[in-house]
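Chemist: There's a structure below that I have some questions on.
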Amino acid sequence: MTTPSSSGPEKPYFAAFLDRMPPPNPSFTARQRNLWHVLAGLTIGLGLWYLSWRWTASLNPDAMVFSVTIALAETMAFTGTLLFFFNIWDEGDSKRSPPPETRSDVDLEDSGTILIDIFIATFDEDTNIVSLSVDAAKETIAPPNVTISVHVLDDGARSEMRQMALDKGVGYLERDNNRGYKAGNLANALFATDGDFVVICDADTQLFPNFLQDTLGYFRDPQVAWVQTPHWFYDIPEGRPWADWLTARFGRTTRGLAPLMRWLTGRNSVGSNPFLSDPGMFFDVIQRRRNRHGASFCCGAGSIHRREAIFANALEEQGRDLTRAQSLLRHETGLGLLPQIDMQPFQYHVSEDIFTSLQQHSKGWRSVYHPDVSMRMLSPWTMRAWAIQKLKYAGGTYDIMFKSGLIFRSGIPWRTKLHYLATFWSYLAVFWLTALFVAPLVSLIFGIAPVSAYSIEFFIHLIPLLIMNELAMSVGCKGHDIHAGRILSLATLNIQWRGMMQVFAGQKPHFPPTPKSLVASDNLRYATSIFVALGVIGATAVYGIYAYLSGSPAHSGSLVLVNLFWLSINTLALIRVAAAAFWRPCLPDGTLLKPVT
């Protein structure tokens with residue numbers, strides 16, 4: 001997608017966002033940490049108190065199966081809270097070291113310069129996207145005694161991409177098949193190059209000039225296999241403040257409704273972050289705090305890897321002798337033998353990054369998470385891109401969880417296992433989230449409750465827990481949006497179920513790359529399930545109210561009010577995602593863009 005320019009050729013739409021700068025990611029202060037730990041401890045205590053009462057004094061004997069099912073779902077959800085609290089309990093940033101001055105500083109033999117290969121993997125993305133990534137890679141500052149080579153890895157074998165690489169003076173690598181998808185593309189490049197370290201970029205990954213200065217120093221520790229940096233989406237729409245939008249649409253007298261609209265929508269602006277893509281919560285909170293145990297996993301783009309760790313892991317996975325593997329890797333004469341071995345440097349999998357991370361962690365390799373943003377990327381700008389991304393994450397994670405057995409390997413330290421278990425548990429939540437989502441619908445349709453009574457005792461046990469958990473999460477997550485993850489968990493239930501069913505049916509997960517261009521798509525199609533869910537919620541609410549007003553003995557006022565409350569929470573969450581189907585992409589100045597077909 002391009003936009004007109006009065007001073008030159010047309011520019012891609014994302015060129016309008018290139019001047020944006022990433023937000024800072026400050027460390028936890030001692031006061032924040034202490035307050036978070038107190039609030040988290042109180043939440044855990046209140047949760048145990050609630051569940052103890054729930055199982056011993058609140059089960060509904062008139063609807064025991066339903067009551068036990070919901071109590072079990074609540075217990076599983078609380079277990080997820082415990083795992084999440086462990087996951088983010090404290091920060092532990094790795095000590096920063098200057099870039100290496102010699103090869104021996106990073107456990108490399110021989111003399112000479114340290115070789116860095118920058119891989120830019122592409123399949124069907126536009127050349128104007130990849131071109132910016134190439135330019136950024138070429139501007140990466142090489143520390144002293146470091147030599148950089150940039151390579152475009154084109155799995156689409158396109159003549160225009162080859163010409164672009166030639167024009168810019170960078171390497172171009174293609175292959176005659178797409179075996180292994182992105183992981184296979186990376187393997188092909190690894191066999192064709194010999195850099196000591198490899199930087200992995202997606203087609204839209206623009207490295208900052210200081211990327212290597214930020215990351216290379218961590219490899220002074222010989223056990224560090226890779227360093228992951230935060231993903232920052234520089235093109236996330238910022239929207240228009242509610243007050244300005246209301247004034248433009250309905251006049252100045254409606255500006256006073258802005259606070260109400262912010263509360264109802266959970267957003268400060270109209271059209272801001274429509275697909276809830278901001279990765280700050282995941283990278284600055286979850287990934288950063290996993291680092292205290294060396295358990296941050298690779299997220300593909302924006303990571304740098306020790307070549308020796310990549311191939312040593314691949315050879316060991318085939319049962320080959322590690323000493324022999326190291327000998328092959330440390331001597332240039334041995335590198336030519338590697339392509340003769342049918343190995344997978346990165347596991348051929350839709351989630352090759354987390355799969356290979358688990359493998360390497362099981363062999364004693366450590367990871368480092370660098371907390372400062374050192375690159376930028378593009379976010380999904382259509383419902384199709386959003387849905388493909390979520391399905392890829394779900395299908396890949398379920399396949400690893402249920403079929404790989406990696407989490408049970410004895411070589412993974414127990415703390416690292418708990419971090420990965422927290423990730424897997426969040427996807428297993430599809431079971432109990434579905435039960436909790438359906439619970440108020442069942443209650444209003446059949447007039448049954450999951451508790452013996454919506455009594456004062458019920459509210460005394462539940463409300464303090466909900467309030468304390470909200471406070472703990474707000475403080476513990478340093479102001480990042482704690483609601484986006486909850487909203488997406490509900491809005492993507494159908495996608496997660498689809499991903500899981502594909503795995504159980506024996507279908508090997510394989511999905512196209514997340515679209516990077518602004519291509520027209522049937523947004524309503526990808527939001528159909530959300531609209532259906534909203535329709536069911538609305539119809540159920542009407543029926544529940546009707547049954548109460550008609551004098552149904554099963555529909556007490558407390559039952560109807562409590563379940564209408566939960567339905568309203570679910571409705572607000574789903575509406576935030578459904579609204580994305582009607583979002584119209586525009587530039588920061590308000591210019592509407594028309595996606596290409």
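Residues in the structure tokens are numbered from 1 in each chain, the chains being A, B, ... in the order shown, and ligands are numbered from 1 in the order shown.
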When DSSP works through the backbone of this structure, what residues of region 394-489 of chain A end up as helix (DSSP H, G or I), shown as JSON, numbers by chain?
Modeler: {"A": [394, 395, 396, 397, 398, 399, 400, 401, 402, 403, 404, 406, 407, 408, 414, 415, 416, 417, 418, 419, 420, 421, 422, 423, 424, 425, 426, 427, 428, 430, 431, 432, 433, 434, 435, 436, 437, 438, 439, 440, 441, 442, 443, 444, 445, 446, 456, 457, 458, 459, 460, 461, 462, 463, 464, 465, 466, 467, 468, 469, 470, 471, 472, 473, 474, 475, 476, 483, 484, 485, 486, 487, 488, 489]}
Chemist: Would you write out those residues with C-alpha atoms, as a PDB file, in the first residue's frame?
Modeler:
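So out.pdb came out as:
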```pdb
ATOM      1  CA  ALA A 394      -2.044 -21.285  19.176  1.00  0.00           C
ATOM      2  CA  GLY A 395      -1.386 -24.171  16.790  1.00  0.00           C
ATOM      3  CA  GLY A 396       2.369 -24.059  17.297  1.00  0.00           C
ATOM      4  CA  THR A 397       2.136 -23.927  21.078  1.00  0.00           C
ATOM      5  CA  TYR A 398      -0.384 -26.777  21.298  1.00  0.00           C
ATOM      6  CA  ASP A 399       1.767 -28.926  19.016  1.00  0.00           C
ATOM      7  CA  ILE A 400       4.829 -28.380  21.209  1.00  0.00           C
ATOM      8  CA  MET A 401       2.796 -28.920  24.369  1.00  0.00           C
ATOM      9  CA  PHE A 402       1.067 -32.150  23.404  1.00  0.00           C
ATOM     10  CA  LYS A 403       3.489 -33.805  20.995  1.00  0.00           C
ATOM     11  CA  SER A 404       7.092 -32.774  21.621  1.00  0.00           C
ATOM     12  CA  LEU A 406      10.223 -31.185  25.592  1.00  0.00           C
ATOM     13  CA  ILE A 407       8.862 -29.841  28.881  1.00  0.00           C
ATOM     14  CA  PHE A 408       9.592 -33.201  30.538  1.00  0.00           C
ATOM     15  CA  TRP A 414      12.902 -26.724  37.410  1.00  0.00           C
ATOM     16  CA  ARG A 415      12.576 -22.946  37.506  1.00  0.00           C
ATOM     17  CA  THR A 416      12.911 -22.807  33.721  1.00  0.00           C
ATOM     18  CA  LYS A 417      10.279 -25.543  33.434  1.00  0.00           C
ATOM     19  CA  LEU A 418       7.894 -23.502  35.548  1.00  0.00           C
ATOM     20  CA  HIS A 419       8.348 -20.533  33.229  1.00  0.00           C
ATOM     21  CA  TYR A 420       7.510 -22.648  30.192  1.00  0.00           C
ATOM     22  CA  LEU A 421       4.651 -24.293  32.077  1.00  0.00           C
ATOM     23  CA  ALA A 422       3.209 -20.828  32.707  1.00  0.00           C
ATOM     24  CA  THR A 423       3.217 -20.247  28.942  1.00  0.00           C
ATOM     25  CA  PHE A 424       1.576 -23.593  28.204  1.00  0.00           C
ATOM     26  CA  TRP A 425      -0.950 -23.140  31.020  1.00  0.00           C
ATOM     27  CA  SER A 426      -2.087 -19.859  29.494  1.00  0.00           C
ATOM     28  CA  TYR A 427      -3.053 -21.789  26.342  1.00  0.00           C
ATOM     29  CA  LEU A 428      -4.648 -24.638  28.303  1.00  0.00           C
ATOM     30  CA  VAL A 430      -9.052 -22.439  26.660  1.00  0.00           C
ATOM     31  CA  PHE A 431     -10.791 -25.198  28.660  1.00  0.00           C
ATOM     32  CA  TRP A 432     -11.696 -23.254  31.796  1.00  0.00           C
ATOM     33  CA  LEU A 433     -12.166 -19.914  30.061  1.00  0.00           C
ATOM     34  CA  THR A 434     -14.779 -21.552  27.860  1.00  0.00           C
ATOM     35  CA  ALA A 435     -16.515 -22.927  30.953  1.00  0.00           C
ATOM     36  CA  LEU A 436     -16.442 -19.536  32.697  1.00  0.00           C
ATOM     37  CA  PHE A 437     -17.638 -17.781  29.531  1.00  0.00           C
ATOM     38  CA  VAL A 438     -20.564 -20.171  29.144  1.00  0.00           C
ATOM     39  CA  ALA A 439     -21.477 -20.238  32.877  1.00  0.00           C
ATOM     40  CA  PRO A 440     -23.638 -17.056  32.981  1.00  0.00           C
ATOM     41  CA  LEU A 441     -25.393 -18.156  29.782  1.00  0.00           C
ATOM     42  CA  VAL A 442     -26.292 -21.502  31.353  1.00  0.00           C
ATOM     43  CA  SER A 443     -27.425 -19.797  34.554  1.00  0.00           C
ATOM     44  CA  LEU A 444     -29.783 -17.413  32.772  1.00  0.00           C
ATOM     45  CA  ILE A 445     -31.177 -19.992  30.358  1.00  0.00           C
ATOM     46  CA  PHE A 446     -31.808 -22.779  32.880  1.00  0.00           C
ATOM     47  CA  ILE A 456     -23.565 -11.760  51.323  1.00  0.00           C
ATOM     48  CA  GLU A 457     -21.046 -14.456  52.188  1.00  0.00           C
ATOM     49  CA  PHE A 458     -20.443 -15.057  48.477  1.00  0.00           C
ATOM     50  CA  PHE A 459     -19.671 -11.404  47.811  1.00  0.00           C
ATOM     51  CA  ILE A 460     -17.493 -11.122  50.935  1.00  0.00           C
ATOM     52  CA  HIS A 461     -15.284 -13.910  49.601  1.00  0.00           C
ATOM     53  CA  LEU A 462     -15.227 -12.901  45.937  1.00  0.00           C
ATOM     54  CA  ILE A 463     -15.093  -9.094  45.748  1.00  0.00           C
ATOM     55  CA  PRO A 464     -11.916  -8.569  47.860  1.00  0.00           C
ATOM     56  CA  LEU A 465     -10.138 -11.146  45.698  1.00  0.00           C
ATOM     57  CA  LEU A 466     -11.141  -9.417  42.460  1.00  0.00           C
ATOM     58  CA  ILE A 467     -10.112  -5.978  43.741  1.00  0.00           C
ATOM     59  CA  MET A 468      -6.797  -7.156  45.166  1.00  0.00           C
ATOM     60  CA  ASN A 469      -5.913  -9.061  42.002  1.00  0.00           C
ATOM     61  CA  GLU A 470      -6.606  -5.959  39.931  1.00  0.00           C
ATOM     62  CA  LEU A 471      -4.379  -3.840  42.169  1.00  0.00           C
ATOM     63  CA  ALA A 472      -1.606  -6.436  42.165  1.00  0.00           C
ATOM     64  CA  MET A 473      -1.634  -6.760  38.390  1.00  0.00           C
ATOM     65  CA  SER A 474      -1.659  -2.994  37.872  1.00  0.00           C
ATOM     66  CA  VAL A 475       1.412  -2.512  40.067  1.00  0.00           C
ATOM     67  CA  GLY A 476       3.203  -5.698  39.032  1.00  0.00           C
ATOM     68  CA  HIS A 483      -6.770  -5.964  30.018  1.00  0.00           C
ATOM     69  CA  ALA A 484      -5.630  -6.648  26.451  1.00  0.00           C
ATOM     70  CA  GLY A 485      -4.503 -10.178  27.273  1.00  0.00           C
ATOM     71  CA  ARG A 486      -7.794 -10.979  28.997  1.00  0.00           C
ATOM     72  CA  ILE A 487      -9.794  -9.574  26.105  1.00  0.00           C
ATOM     73  CA  LEU A 488      -7.806 -11.530  23.545  1.00  0.00           C
ATOM     74  CA  SER A 489      -8.176 -14.721  25.587  1.00  0.00           C
TER      75      SER A 489
END
```
Chemist: Leaving out Ser269 (chain A) and any residue of its chain fewer than 6 positions from it, which residues lie within 8 Å of it when counting only C-alpha atoms, given as a PDB file with N, CA and C atoms, in the first residue's frame?
Modeler:
```pdb
ATOM      1  N   GLU A 238      -2.402   5.440  16.875  1.00  0.00           N
ATOM      2  CA  GLU A 238      -2.586   6.110  18.164  1.00  0.00           C
ATOM      3  C   GLU A 238      -4.003   6.631  18.342  1.00  0.00           C
ATOM      4  N   GLY A 239      -4.753   6.700  17.249  1.00  0.00           N
ATOM      5  CA  GLY A 239      -6.147   7.103  17.343  1.00  0.00           C
ATOM      6  C   GLY A 239      -6.334   8.595  17.581  1.00  0.00           C
ATOM      7  N   ARG A 240      -7.598   8.944  17.834  1.00  0.00           N
ATOM      8  CA  ARG A 240      -7.980  10.340  18.045  1.00  0.00           C
ATOM      9  C   ARG A 240      -8.640  10.462  19.412  1.00  0.00           C
ATOM     10  N   PRO A 241      -8.223  11.401  20.260  1.00  0.00           N
ATOM     11  CA  PRO A 241      -8.812  11.526  21.596  1.00  0.00           C
ATOM     12  C   PRO A 241     -10.336  11.611  21.536  1.00  0.00           C
ATOM     13  N   TRP A 242     -10.983  10.968  22.520  1.00  0.00           N
ATOM     14  CA  TRP A 242     -12.443  10.925  22.523  1.00  0.00           C
ATOM     15  C   TRP A 242     -13.069  12.327  22.472  1.00  0.00           C
ATOM     16  N   ARG A 262     -14.114   6.656  27.643  1.00  0.00           N
ATOM     17  CA  ARG A 262     -12.849   6.008  27.995  1.00  0.00           C
ATOM     18  C   ARG A 262     -13.094   4.824  28.927  1.00  0.00           C
TER      19      ARG A 262
END
```
Chemist: Check the smallest atom-to-atom distance from each of A:Leu115, A:Leu534, A:Leu358, A:Leu35 to Gly405 (chain A) using only C-alpha atoms, then report the winner.
Modeler: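 Ranked by minimum distance to Gly405 (chain A), first place goes to A:Leu358.
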Chemist: Env of Pro100 (chain A): 12 Å cut, atoms = only C-alpha atoms, seq-sep filter 3 positions within chain, self excluded. Answer as a PyMOL selection string.
Modeler: chain A and resi 96-97+103-108+113-115+142-146+212-221
Chemist: Given only C-alpha atoms as the basis, pick out the residue of A:Glu125, A:Glu139, A:Asp154, A:Asp196 nearest to Asp110 (chain A).
Modeler: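 Of A:Glu125, A:Glu139, A:Asp154, A:Asp196, the one nearest Asp110 (chain A) is A:Asp196, counting only C-alpha atoms.
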Chemist: With 12 Å as the cut-off and only C-alpha atoms counted, what is the closest atom pair between each nearby residue of region 337-421 of chain A and region 572-584 of chain A? Distances in Å to one decimal, ordered by chain and number, as a tab-separated table.
Modeler:
```
residue	atom	partner	partner_atom	distance
A:Pro380	CA	A:Ala580	CA	11.1
A:Trp381	CA	A:Arg584	CA	9.3
A:Thr382	CA	A:Ala581	CA	8.1
A:Met383	CA	A:Ala581	CA	6.5
A:Arg384	CA	A:Ala581	CA	9.8
A:Ala385	CA	A:Ala581	CA	11.9
A:Trp386	CA	A:Ala580	CA	10.0
A:Ala387	CA	A:Val577	CA	11.4
```
Chemist: For the residues in that selection, give me C-alpha atoms as a short mmCIF file (atom, residue, chain, number, x, y, z; two decimals), in the first residue's frame.
Modeler:
```
data_model
loop_
_atom_site.label_atom_id
_atom_site.label_comp_id
_atom_site.auth_asym_id
_atom_site.auth_seq_id
_atom_site.Cartn_x
_atom_site.Cartn_y
_atom_site.Cartn_z
CA PRO A 380 -1.18 -6.45 11.91
CA TRP A 381 -3.37 -3.90 10.11
CA THR A 382 -6.20 -6.22 9.02
CA MET A 383 -8.41 -8.78 10.74
CA ARG A 384 -6.97 -11.43 8.44
CA ALA A 385 -3.41 -10.68 9.56
CA TRP A 386 -4.56 -10.66 13.18
CA ALA A 387 -6.37 -14.01 12.85
#
```
Chemist: Which residue, A:Val368, A:Leu18, A:Val65, A:Leu72, has the smallest gap to Ser52 (chain A) when you use only C-alpha atoms?
Modeler: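 Among A:Val368, A:Leu18, A:Val65, A:Leu72, it is A:Leu72 that comes nearest to Ser52 (chain A).
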Chemist: Give the answer as one residue: which of A:Ala187, A:Leu39, A:Cys298, A:Val130 has the shortest atom-to-atom distance to Phe283 (chain A), using only C-alpha atoms?
Modeler: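 Of A:Ala187, A:Leu39, A:Cys298, A:Val130, the one nearest Phe283 (chain A) is A:Cys298, counting only C-alpha atoms.
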Chemist: Take CA of Phe84 (chain A) and CA of Ile286 (chain A) and report the distance between them in Å, one decimal.
Modeler: 8.6 Å
Chemist: Between A:Ile412, A:Val451, A:Cys586, A:Ala225, single out the one closest to Phe311 (chain A), counting only C-alpha atoms.
Modeler: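 The shortest atom-to-atom distance to Phe311 (chain A) comes from A:Ala225.
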